[in-house]
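Okay, upload.cif now, which holds mmCIF, C-alpha atoms and all ligand atoms:
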data_my_file
#
loop_
_atom_site.label_atom_id
_atom_site.label_comp_id
_atom_site.auth_asym_id
_atom_site.auth_seq_id
_atom_site.Cartn_x
_atom_site.Cartn_y
_atom_site.Cartn_z
CA MET A 1 57.86 60.35 -21.60
CA GLN A 2 56.45 57.30 -19.87
CA SER A 3 53.82 57.03 -17.19
CA THR A 4 54.17 54.34 -14.61
CA ASP A 5 50.46 53.52 -15.03
CA SER A 6 51.09 50.66 -17.42
CA PRO A 7 54.25 49.16 -18.84
CA LEU A 8 54.49 49.52 -22.60
CA VAL A 9 54.81 46.35 -24.65
CA MET A 10 55.07 45.83 -28.39
CA ILE A 11 55.54 42.37 -29.90
CA VAL A 12 55.31 41.20 -33.51
CA HIS A 13 55.88 38.01 -35.44
CA GLY A 14 56.63 37.31 -39.09
CA GLY A 15 54.90 33.96 -39.47
CA ALA A 16 55.37 30.36 -38.37
CA GLY A 17 57.09 28.15 -40.92
CA ASN A 18 60.44 27.20 -42.36
CA VAL A 19 61.96 30.48 -43.44
CA TRP A 20 64.32 29.92 -46.34
CA PRO A 21 67.93 30.63 -45.30
CA GLN A 22 68.27 33.49 -47.77
CA TYR A 23 65.38 35.25 -45.97
CA HIS A 24 66.51 34.71 -42.37
CA THR A 25 68.07 38.16 -42.02
CA ALA A 26 65.23 39.86 -43.86
CA ALA A 27 62.66 38.18 -41.64
CA VAL A 28 64.36 39.20 -38.40
CA ASP A 29 65.15 42.72 -39.62
CA GLY A 30 61.59 43.10 -40.89
CA CYS A 31 60.22 42.17 -37.48
CA GLU A 32 62.52 44.74 -35.86
CA ASN A 33 61.31 47.42 -38.25
CA ALA A 34 57.71 46.58 -37.50
CA VAL A 35 58.15 46.50 -33.74
CA SER A 36 59.98 49.82 -33.87
CA ALA A 37 57.10 51.42 -35.78
CA GLY A 38 54.64 50.29 -33.15
CA TRP A 39 56.94 51.16 -30.29
CA GLN A 40 57.34 54.76 -31.45
CA ILE A 41 53.58 55.17 -31.30
CA LEU A 42 53.35 53.68 -27.81
CA GLN A 43 56.20 55.84 -26.56
CA ARG A 44 54.46 58.98 -27.76
CA GLY A 45 51.43 57.98 -25.68
CA GLY A 46 49.59 56.49 -28.68
CA THR A 47 47.08 53.69 -28.48
CA ALA A 48 47.66 49.97 -28.69
CA LEU A 49 45.28 49.91 -31.63
CA ASP A 50 47.34 52.44 -33.59
CA ALA A 51 50.53 50.60 -32.68
CA VAL A 52 49.43 47.18 -33.91
CA GLU A 53 48.04 48.63 -37.12
CA ALA A 54 51.27 50.52 -37.80
CA ALA A 55 53.41 47.47 -37.09
CA VAL A 56 51.38 45.21 -39.35
CA ARG A 57 51.44 47.80 -42.16
CA VAL A 58 55.25 47.63 -42.05
CA LEU A 59 55.09 43.84 -42.36
CA GLU A 60 52.56 44.08 -45.20
CA ASP A 61 54.92 46.42 -47.08
CA ASP A 62 57.86 44.04 -46.64
CA GLU A 63 58.17 41.45 -49.40
CA ALA A 64 59.87 39.04 -47.00
CA PHE A 65 56.50 38.25 -45.42
CA ASN A 66 53.35 36.49 -46.53
CA ALA A 67 51.05 39.49 -46.15
CA GLY A 68 50.18 42.47 -48.35
CA ILE A 69 52.76 42.70 -51.11
CA GLY A 70 54.60 39.38 -51.17
CA SER A 71 51.55 37.31 -50.27
CA VAL A 72 51.59 33.72 -51.50
CA LEU A 73 49.53 32.88 -54.58
CA ASN A 74 46.41 30.78 -54.68
CA ALA A 75 45.72 27.96 -57.15
CA GLN A 76 44.73 30.49 -59.80
CA GLY A 77 48.00 32.38 -59.42
CA GLU A 78 46.29 35.27 -57.61
CA VAL A 79 46.71 37.00 -54.25
CA GLU A 80 43.76 36.86 -51.84
CA MET A 81 44.33 38.20 -48.34
CA ASP A 82 42.74 38.03 -44.89
CA ALA A 83 43.28 40.35 -41.92
CA GLY A 84 41.79 41.05 -38.52
CA ILE A 85 42.16 43.55 -35.69
CA MET A 86 40.68 43.71 -32.19
CA ASP A 87 40.44 46.43 -29.57
CA GLY A 88 40.81 44.99 -26.08
CA ALA A 89 39.12 48.00 -24.52
CA THR A 90 35.79 47.57 -26.31
CA LEU A 91 36.03 44.04 -27.78
CA HIS A 92 35.29 45.60 -31.15
CA ILE A 93 36.55 43.59 -34.11
CA GLY A 94 37.24 44.39 -37.74
CA ALA A 95 38.23 41.82 -40.33
CA VAL A 96 38.43 41.26 -44.06
CA ALA A 97 38.58 37.98 -45.94
CA ALA A 98 39.63 36.91 -49.43
CA ILE A 99 40.28 40.49 -50.54
CA ARG A 100 42.28 41.64 -53.54
CA GLY A 101 43.77 44.91 -54.67
CA VAL A 102 44.38 46.49 -51.24
CA ALA A 103 47.96 47.14 -50.15
CA HIS A 104 47.17 47.25 -46.43
CA PRO A 105 44.42 44.80 -45.51
CA ILE A 106 44.95 45.58 -41.81
CA SER A 107 43.87 49.18 -42.34
CA LEU A 108 40.80 48.03 -44.21
CA ALA A 109 40.02 45.65 -41.34
CA ARG A 110 40.27 48.55 -38.94
CA ARG A 111 37.97 50.62 -41.14
CA VAL A 112 35.42 47.79 -41.08
CA MET A 113 35.58 47.96 -37.29
CA GLU A 114 35.24 51.72 -37.10
CA ALA A 115 33.06 52.67 -40.06
CA SER A 116 30.63 49.79 -40.47
CA VAL A 117 28.21 48.01 -38.19
CA HIS A 118 29.79 44.67 -39.15
CA HIS A 119 32.84 42.78 -38.01
CA ILE A 120 33.88 40.86 -41.16
CA LEU A 121 33.56 41.81 -44.82
CA ALA A 122 34.68 39.48 -47.60
CA ALA A 123 35.76 39.51 -51.25
CA GLU A 124 34.02 41.92 -53.65
CA GLY A 125 31.86 43.40 -50.91
CA ALA A 126 34.94 44.27 -48.89
CA GLU A 127 36.62 45.73 -51.97
CA ARG A 128 33.58 47.90 -52.71
CA PHE A 129 33.61 49.05 -49.09
CA ALA A 130 37.32 49.87 -49.45
CA ALA A 131 36.69 51.97 -52.55
CA ALA A 132 33.76 53.75 -50.89
CA GLN A 133 35.98 54.53 -47.91
CA GLY A 134 38.62 56.10 -50.13
CA PHE A 135 41.15 53.26 -50.13
CA THR A 136 43.24 53.08 -53.29
CA ILE A 137 42.41 49.91 -55.19
CA ILE A 138 45.48 48.72 -57.02
CA PRO A 139 45.75 46.10 -59.76
CA ASN A 140 46.17 42.81 -57.94
CA ARG A 141 49.31 42.04 -59.95
CA GLN A 142 51.10 44.82 -58.03
CA LEU A 143 50.91 42.62 -54.94
CA ILE A 144 52.63 39.70 -56.70
CA THR A 145 56.39 39.53 -56.34
CA ASP A 146 58.86 37.66 -58.55
CA ARG A 147 59.63 35.30 -55.67
CA ARG A 148 55.98 34.31 -55.32
CA ARG A 149 55.57 33.98 -59.07
CA ARG A 150 58.55 31.59 -59.19
CA GLN A 151 57.14 29.65 -56.24
CA TYR A 152 53.86 29.32 -58.08
CA GLU A 153 55.51 28.16 -61.27
CA LYS A 154 57.49 25.51 -59.39
CA ARG A 155 54.62 24.60 -57.04
CA VAL A 156 56.95 24.69 -54.02
CA ALA A 157 54.72 24.55 -50.95
CA GLY A 158 55.40 24.14 -47.26
CA GLN A 159 58.52 26.24 -46.95
CA GLU A 160 56.89 29.55 -46.31
CA GLY A 161 56.39 31.76 -43.31
CA ASP A 162 52.78 32.44 -42.60
CA THR A 163 50.51 35.14 -41.24
CA VAL A 164 52.10 38.17 -39.60
CA GLY A 165 50.78 39.60 -36.34
CA ALA A 166 51.24 42.20 -33.65
CA LEU A 167 50.16 42.80 -30.06
CA ALA A 168 50.50 45.93 -27.94
CA LEU A 169 49.90 47.23 -24.43
CA ASP A 170 49.64 51.02 -24.22
CA ILE A 171 50.19 53.54 -21.48
CA ALA A 172 46.50 53.49 -20.54
CA GLY A 173 46.55 49.72 -20.10
CA ASN A 174 44.69 48.95 -23.32
CA VAL A 175 45.66 45.92 -25.38
CA ALA A 176 45.10 45.23 -29.09
CA ALA A 177 45.81 42.45 -31.56
CA ALA A 178 46.25 42.47 -35.34
CA ASN A 179 46.83 39.83 -38.02
CA SER A 180 47.38 39.90 -41.76
CA THR A 181 48.07 37.13 -44.27
CA GLY A 182 48.10 35.93 -47.83
CA GLY A 183 46.90 32.60 -46.44
CA VAL A 184 48.30 29.28 -47.56
CA PHE A 185 50.06 28.64 -50.84
CA TYR A 186 47.97 27.17 -53.66
CA LYS A 187 44.73 27.51 -51.70
CA LEU A 188 41.46 27.36 -53.55
CA ALA A 189 40.14 30.75 -54.61
CA GLY A 190 37.78 31.98 -51.89
CA ARG A 191 39.42 29.98 -49.12
CA VAL A 192 39.45 31.87 -45.80
CA GLY A 193 41.84 30.98 -42.98
CA ASP A 194 41.91 31.68 -39.26
CA SER A 195 43.45 35.14 -39.49
CA PRO A 196 40.20 37.14 -39.73
CA LEU A 197 38.46 34.98 -37.11
CA ALA A 198 38.41 36.23 -33.52
CA GLY A 199 39.13 33.36 -31.15
CA ALA A 200 41.06 31.45 -33.79
CA GLY A 201 43.53 33.94 -35.29
CA PHE A 202 43.52 36.64 -32.62
CA TYR A 203 41.85 37.96 -29.52
CA ALA A 204 42.25 40.95 -27.20
CA ASP A 205 40.56 41.78 -23.90
CA ASN A 206 41.88 44.41 -21.52
CA ARG A 207 40.94 42.21 -18.59
CA TRP A 208 43.45 39.49 -19.57
CA GLY A 209 45.68 40.31 -22.52
CA ALA A 210 45.97 39.62 -26.22
CA VAL A 211 46.91 36.81 -28.61
CA ALA A 212 47.87 36.47 -32.28
CA THR A 213 48.26 33.07 -33.93
CA THR A 214 49.97 31.92 -37.09
CA GLY A 215 50.15 28.69 -39.07
CA GLN A 216 47.81 26.45 -40.99
CA GLY A 217 44.40 28.03 -40.48
CA GLU A 218 42.59 24.73 -40.87
CA HIS A 219 44.50 23.46 -37.83
CA ILE A 220 44.15 26.62 -35.76
CA MET A 221 40.38 26.90 -36.23
CA ARG A 222 39.73 23.39 -34.95
CA VAL A 223 40.86 24.22 -31.43
CA GLY A 224 40.18 27.96 -31.35
CA LEU A 225 43.85 28.52 -30.68
CA ALA A 226 43.72 32.20 -29.70
CA TRP A 227 40.81 31.57 -27.38
CA ARG A 228 42.66 28.67 -25.71
CA ALA A 229 45.45 31.04 -24.79
CA MET A 230 42.98 33.65 -23.53
CA GLN A 231 41.33 31.02 -21.35
CA ALA A 232 44.69 30.15 -19.84
CA LEU A 233 45.31 33.84 -19.08
CA GLU A 234 41.91 34.03 -17.40
CA GLU A 235 42.89 31.06 -15.27
CA GLY A 236 45.96 32.94 -14.07
CA ALA A 237 48.65 31.64 -16.40
CA THR A 238 51.53 33.89 -17.39
CA ALA A 239 51.76 34.83 -21.05
CA GLN A 240 54.40 32.17 -21.70
CA GLU A 241 52.40 29.51 -19.86
CA ALA A 242 49.30 30.49 -21.84
CA ALA A 243 51.18 30.20 -25.14
CA ASP A 244 52.61 26.82 -24.17
CA ARG A 245 49.29 25.47 -22.94
CA ALA A 246 47.38 26.54 -26.03
CA LEU A 247 50.00 25.01 -28.30
CA ALA A 248 49.96 21.78 -26.29
CA VAL A 249 46.19 21.45 -26.82
CA LEU A 250 46.67 22.04 -30.52
CA GLN A 251 49.38 19.40 -30.78
CA GLU A 252 47.33 16.92 -28.80
CA ARG A 253 44.16 17.38 -30.83
CA VAL A 254 45.75 18.02 -34.24
CA PRO A 255 48.95 15.96 -34.23
CA ASP A 256 50.20 17.23 -37.59
CA ALA A 257 49.59 20.86 -36.61
CA ARG A 258 51.85 23.58 -37.96
CA ALA A 259 51.34 26.74 -35.96
CA GLY A 260 52.60 29.26 -33.45
CA LEU A 261 51.38 32.14 -31.36
CA ILE A 262 52.41 35.23 -29.45
CA VAL A 263 50.71 36.20 -26.19
CA LEU A 264 50.68 39.33 -24.09
CA ASP A 265 49.28 39.48 -20.56
CA ARG A 266 47.94 42.67 -19.05
CA ALA A 267 50.84 42.91 -16.61
CA GLY A 268 53.16 43.26 -19.59
CA GLY A 269 54.47 39.69 -19.79
CA ILE A 270 54.96 38.09 -23.19
CA GLY A 271 54.90 34.52 -24.48
CA ILE A 272 56.08 32.94 -27.72
CA ALA A 273 55.48 29.31 -28.75
CA HIS A 274 55.57 27.41 -32.03
CA CYS A 275 55.74 23.89 -33.37
CA THR A 276 57.21 24.96 -36.69
CA ARG A 277 60.95 25.26 -37.10
CA ASP A 278 60.87 29.08 -37.27
CA LEU A 279 58.78 31.92 -35.94
CA PRO A 280 60.56 35.24 -36.44
CA THR A 281 59.64 37.65 -33.66
CA ALA A 282 60.64 40.98 -32.21
CA TYR A 283 59.53 42.65 -29.03
CA TRP A 284 60.21 45.87 -27.20
CA LEU A 285 59.49 46.26 -23.50
CA SER A 286 59.45 49.28 -21.18
CA GLY A 287 62.91 50.16 -19.98
CA ALA A 288 64.72 48.51 -22.90
CA GLY A 289 66.78 50.66 -25.20
CA ARG A 290 66.20 48.48 -28.23
CA PRO A 291 64.08 45.58 -29.42
CA VAL A 292 64.92 41.91 -28.98
CA SER A 293 64.50 39.79 -32.10
CA ALA A 294 65.03 36.16 -33.11
CA LEU A 295 64.28 33.73 -35.90
CA ARG A 296 62.83 31.18 -33.50
CA ALA A 297 61.92 30.95 -29.82
N1 LIG B 1 47.14 31.39 -40.76
C1 LIG B 1 46.91 31.79 -42.07
C2 LIG B 1 46.01 30.97 -42.84
O1 LIG B 1 45.89 29.77 -42.63
O2 LIG B 1 45.37 31.50 -43.70
#
Turn this file's structure into C-alpha cells for me.
Amino acid sequence: MQSTDSPLVMIVHGGAGNVWPQYHTAAVDGCENAVSAGWQILQRGGTALDAVEAAVRVLEDDEAFNAGIGSVLNAQGEVEMDAGIMDGATLHIGAVAAIRGVAHPISLARRVMEASVHHILAAEGAERFAAAQGFTIIPNRQLITDRRRRQYEKRVAGQEGDTVGALALDIAGNVAAANSTGGVFYKLAGRVGDSPLAGAGFYADNRWGAVATTGQGEHIMRVGLAWRAMQALEEGATAQEAADRALAVLQERVPDARAGLIVLDRAGGIGIAHCTRDLPTAYWLSGAGRPVSALRA
C-alpha cells in the first residue's frame, strides 16, 4: 500500500568511527534491523517521526552501538546519554542531555517535544521528567556492558563508533531526524555533545529535507554541521552534494575533524559522507524489496 504522493525513504547510521573488526557484521546487521523497523512503519502509512524513533530505539537496544545500552563510559565509569529528535513538519524539537537510567533516550526526547513547553532537558531534571511521564528508570549499571567496562579498564579510546541516527520521509511528504548517543569515551561527567543540538547534530524541515550527524561533537558544533548541509539543500544541492559540501567545510575549518553525516532531500534522495574510516549505514527506498547496507560509504 503506497501512495505516489511522496516516495518513502528510511536511512539510518550506526556511528562514524573505526568499528572493530569483530563488530563489523553486528554493526551492519544492526543498521539493517533498525532501518527495517522504521520502514515497516512508513509502509503502513505511519509518520516519519514514528519511523525515526522506532529505528533509533532498535539501535539503542543493540549493544553493538554507542547509544542506550552499550553506551561508552565517562571518566567516572558511568553512562551519560544525549538524544534529539525533530519534526520537519512543525520544526518542533525534543532533546535530552547527560541523562542516566533511561533505556531509550530517543523516546524521552520525543516526550520532551510533545509533553513539555521546552526543547532540551538535561541531567536530573530530565530524569525527574522521565519518571513523571511514566518512563521506567533503571539502575544505570544496567546500561553498562562488559565490552564497555573492559574498554574503561584499559582506557582504549578512539576506536569506537559514535552517535546513531535516523532520517525518514513519509507518505505525506513529512521528514524527521533523530539522534542518540553515549557521547565520547572518557568524557567529563556532565559533558554534552552535538547530538541534542539542532543545527549541529540534526535538523529537519519539510521544505528541504533532514540531516543527522555523527562524530566528535566538539568538532561538529564549531561549524554547525547539520545546518551546513541544510543550507546546501536550500541552495539546490542534492542530498549527496549537501553531505559532501558540509563535510568539506568541516574538514577545512577543523582539520583534525572526525565526523560523518547522512542527508535526505525532500525529493527522496539520500547522501552519506564521512571522514572517519567507517560509517555503518542502511537505507530502504520506495520500490526496493530490501534495504541496502554497508560498513562505509
Ligand atoms: N557525536 C556525539 C558526541 O560527540 O557526543
What gap, in Å, lies between CA of Glu153 (chain A) and CA of Phe185 (chain A)?
11.8 Å
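Residues lying within 10 Å of Gln76 (chain A), counting only C-alpha atoms and ignoring same-chain neighbours fewer than 4 positions away, are Tyr152, Tyr186, Lys187, Leu188 and Ala189 of chain A.
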Quick one, how far is CA of Asp256 (chain A) from CA of Gly215 (chain A)?
11.6 Å
Give me, please, the distance in Å between CA of Leu8 (chain A) and CA of Ala288 (chain A), quoted to one decimal.
10.3 Å
Got a sec to check which residues lie within 6 Å of ligand LIG 1 (chain B), using only C-alpha atoms and all ligand atoms, and send them as a list in words?
Asp162, Thr163, Thr181, Gly183, Val184, Gly193, Asp194, Ser195, Thr214, Gly215, Gln216 and Gly217 of chain A
Neighbours of Asp265 (chain A) within 12 Å (only C-alpha atoms; same-chain residues fewer than 4 positions away dropped), as a VMD selection string?
chain A and resid 6 to 11 88 167 to 169 173 to 177 203 to 211 229 to 243 269 to 272
Would you put the residues from that selection into a file with C-alpha atoms, as an mmCIF file, in the frame of the given file?
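Written output follows (again30.cif):
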data_model
loop_
_atom_site.group_PDB
_atom_site.id
_atom_site.type_symbol
_atom_site.label_atom_id
_atom_site.label_comp_id
_atom_site.auth_asym_id
_atom_site.auth_seq_id
_atom_site.Cartn_x
_atom_site.Cartn_y
_atom_site.Cartn_z
ATOM 1 C CA SER A 6 51.090 50.660 -17.420
ATOM 2 C CA PRO A 7 54.250 49.160 -18.840
ATOM 3 C CA LEU A 8 54.490 49.520 -22.600
ATOM 4 C CA VAL A 9 54.810 46.350 -24.650
ATOM 5 C CA MET A 10 55.070 45.830 -28.390
ATOM 6 C CA ILE A 11 55.540 42.370 -29.900
ATOM 7 C CA GLY A 88 40.810 44.990 -26.080
ATOM 8 C CA LEU A 167 50.160 42.800 -30.060
ATOM 9 C CA ALA A 168 50.500 45.930 -27.940
ATOM 10 C CA LEU A 169 49.900 47.230 -24.430
ATOM 11 C CA GLY A 173 46.550 49.720 -20.100
ATOM 12 C CA ASN A 174 44.690 48.950 -23.320
ATOM 13 C CA VAL A 175 45.660 45.920 -25.380
ATOM 14 C CA ALA A 176 45.100 45.230 -29.090
ATOM 15 C CA ALA A 177 45.810 42.450 -31.560
ATOM 16 C CA TYR A 203 41.850 37.960 -29.520
ATOM 17 C CA ALA A 204 42.250 40.950 -27.200
ATOM 18 C CA ASP A 205 40.560 41.780 -23.900
ATOM 19 C CA ASN A 206 41.880 44.410 -21.520
ATOM 20 C CA ARG A 207 40.940 42.210 -18.590
ATOM 21 C CA TRP A 208 43.450 39.490 -19.570
ATOM 22 C CA GLY A 209 45.680 40.310 -22.520
ATOM 23 C CA ALA A 210 45.970 39.620 -26.220
ATOM 24 C CA VAL A 211 46.910 36.810 -28.610
ATOM 25 C CA ALA A 229 45.450 31.040 -24.790
ATOM 26 C CA MET A 230 42.980 33.650 -23.530
ATOM 27 C CA GLN A 231 41.330 31.020 -21.350
ATOM 28 C CA ALA A 232 44.690 30.150 -19.840
ATOM 29 C CA LEU A 233 45.310 33.840 -19.080
ATOM 30 C CA GLU A 234 41.910 34.030 -17.400
ATOM 31 C CA GLU A 235 42.890 31.060 -15.270
ATOM 32 C CA GLY A 236 45.960 32.940 -14.070
ATOM 33 C CA ALA A 237 48.650 31.640 -16.400
ATOM 34 C CA THR A 238 51.530 33.890 -17.390
ATOM 35 C CA ALA A 239 51.760 34.830 -21.050
ATOM 36 C CA GLN A 240 54.400 32.170 -21.700
ATOM 37 C CA GLU A 241 52.400 29.510 -19.860
ATOM 38 C CA ALA A 242 49.300 30.490 -21.840
ATOM 39 C CA ALA A 243 51.180 30.200 -25.140
ATOM 40 C CA GLY A 269 54.470 39.690 -19.790
ATOM 41 C CA ILE A 270 54.960 38.090 -23.190
ATOM 42 C CA GLY A 271 54.900 34.520 -24.480
ATOM 43 C CA ILE A 272 56.080 32.940 -27.720
#
Considering only C-alpha atoms, return as JSON, numbers by chain whatever protein or nucleic-acid residues lie within 10 Å of Tyr283 (chain A), sequence-local ones (same chain, fewer than 6 positions apart) excluded.
{"A": [9, 10, 11, 12, 13, 31, 32, 34, 35, 36, 38, 39, 166, 167, 168, 270, 290, 291, 292, 293, 294]}
Please dump the current selection as a compact mmCIF listing (two decimals), in the coordinates of the input; keep C-alpha atoms.
# COMPACT_ATOMS: atom_id res chain seq x y z
CA VAL A 9 54.81 46.35 -24.65
CA MET A 10 55.07 45.83 -28.39
CA ILE A 11 55.54 42.37 -29.90
CA VAL A 12 55.31 41.20 -33.51
CA HIS A 13 55.88 38.01 -35.44
CA CYS A 31 60.22 42.17 -37.48
CA GLU A 32 62.52 44.74 -35.86
CA ALA A 34 57.71 46.58 -37.50
CA VAL A 35 58.15 46.50 -33.74
CA SER A 36 59.98 49.82 -33.87
CA GLY A 38 54.64 50.29 -33.15
CA TRP A 39 56.94 51.16 -30.29
CA ALA A 166 51.24 42.20 -33.65
CA LEU A 167 50.16 42.80 -30.06
CA ALA A 168 50.50 45.93 -27.94
CA ILE A 270 54.96 38.09 -23.19
CA ARG A 290 66.20 48.48 -28.23
CA PRO A 291 64.08 45.58 -29.42
CA VAL A 292 64.92 41.91 -28.98
CA SER A 293 64.50 39.79 -32.10
CA ALA A 294 65.03 36.16 -33.11
Residues near Arg110 (chain A), anyone? I mean within 7 Å using only C-alpha atoms, not counting same-chain ones fewer than 3 positions away, as a PyMOL selection string.
chain A and resi 85+94+106-107+113-114
Nearest to Gln133 (chain A) by atom-to-atom distance, counting only C-alpha atoms, from A:Arg111, A:Arg228, A:His219, A:His118
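Smallest distance to Gln133 (chain A) is found for A:Arg111.
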Between A:Val19, A:Leu225, A:Ile120, A:Val112, which is the closest to Asn66 (chain A) once you count all atoms listed in the file?
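Ranking A:Val19, A:Leu225, A:Ile120, A:Val112 by distance to Asn66 (chain A), first place goes to A:Val19.
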Which of A:Glu124, A:Asp170, A:Glu218, A:Glu60 sits closest to Asp87 (chain A) [using all atoms listed in the file]
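The closest residue to Asp87 (chain A) is A:Asp170.
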Point out the residue among A:Ser286, A:Gln251, A:Thr213, A:Asn140 with the least atom-to-atom distance to Gly68 (chain A), counting all atoms listed in the file.
A:Asn140
Please, which residues are within 12 Å of (31.8, 46.9, -51.7) by the file's coordinates, counting all atoms listed in the file, and could they come as a list in words?
Val96, Ile99, Arg100, Leu108, Val112, Ser116, Leu121, Ala122, Ala123, Glu124, Gly125, Ala126, Glu127, Arg128, Phe129, Ala130, Ala131, Ala132, Gln133, Gly134, Phe135 and Ile137 of chain A
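With all atoms listed in the file as the basis for measurement, A:Ala178 is the residue among A:Met221, A:Ala178, A:Ala297, A:Leu73 that approaches Ala48 (chain A) most closely.
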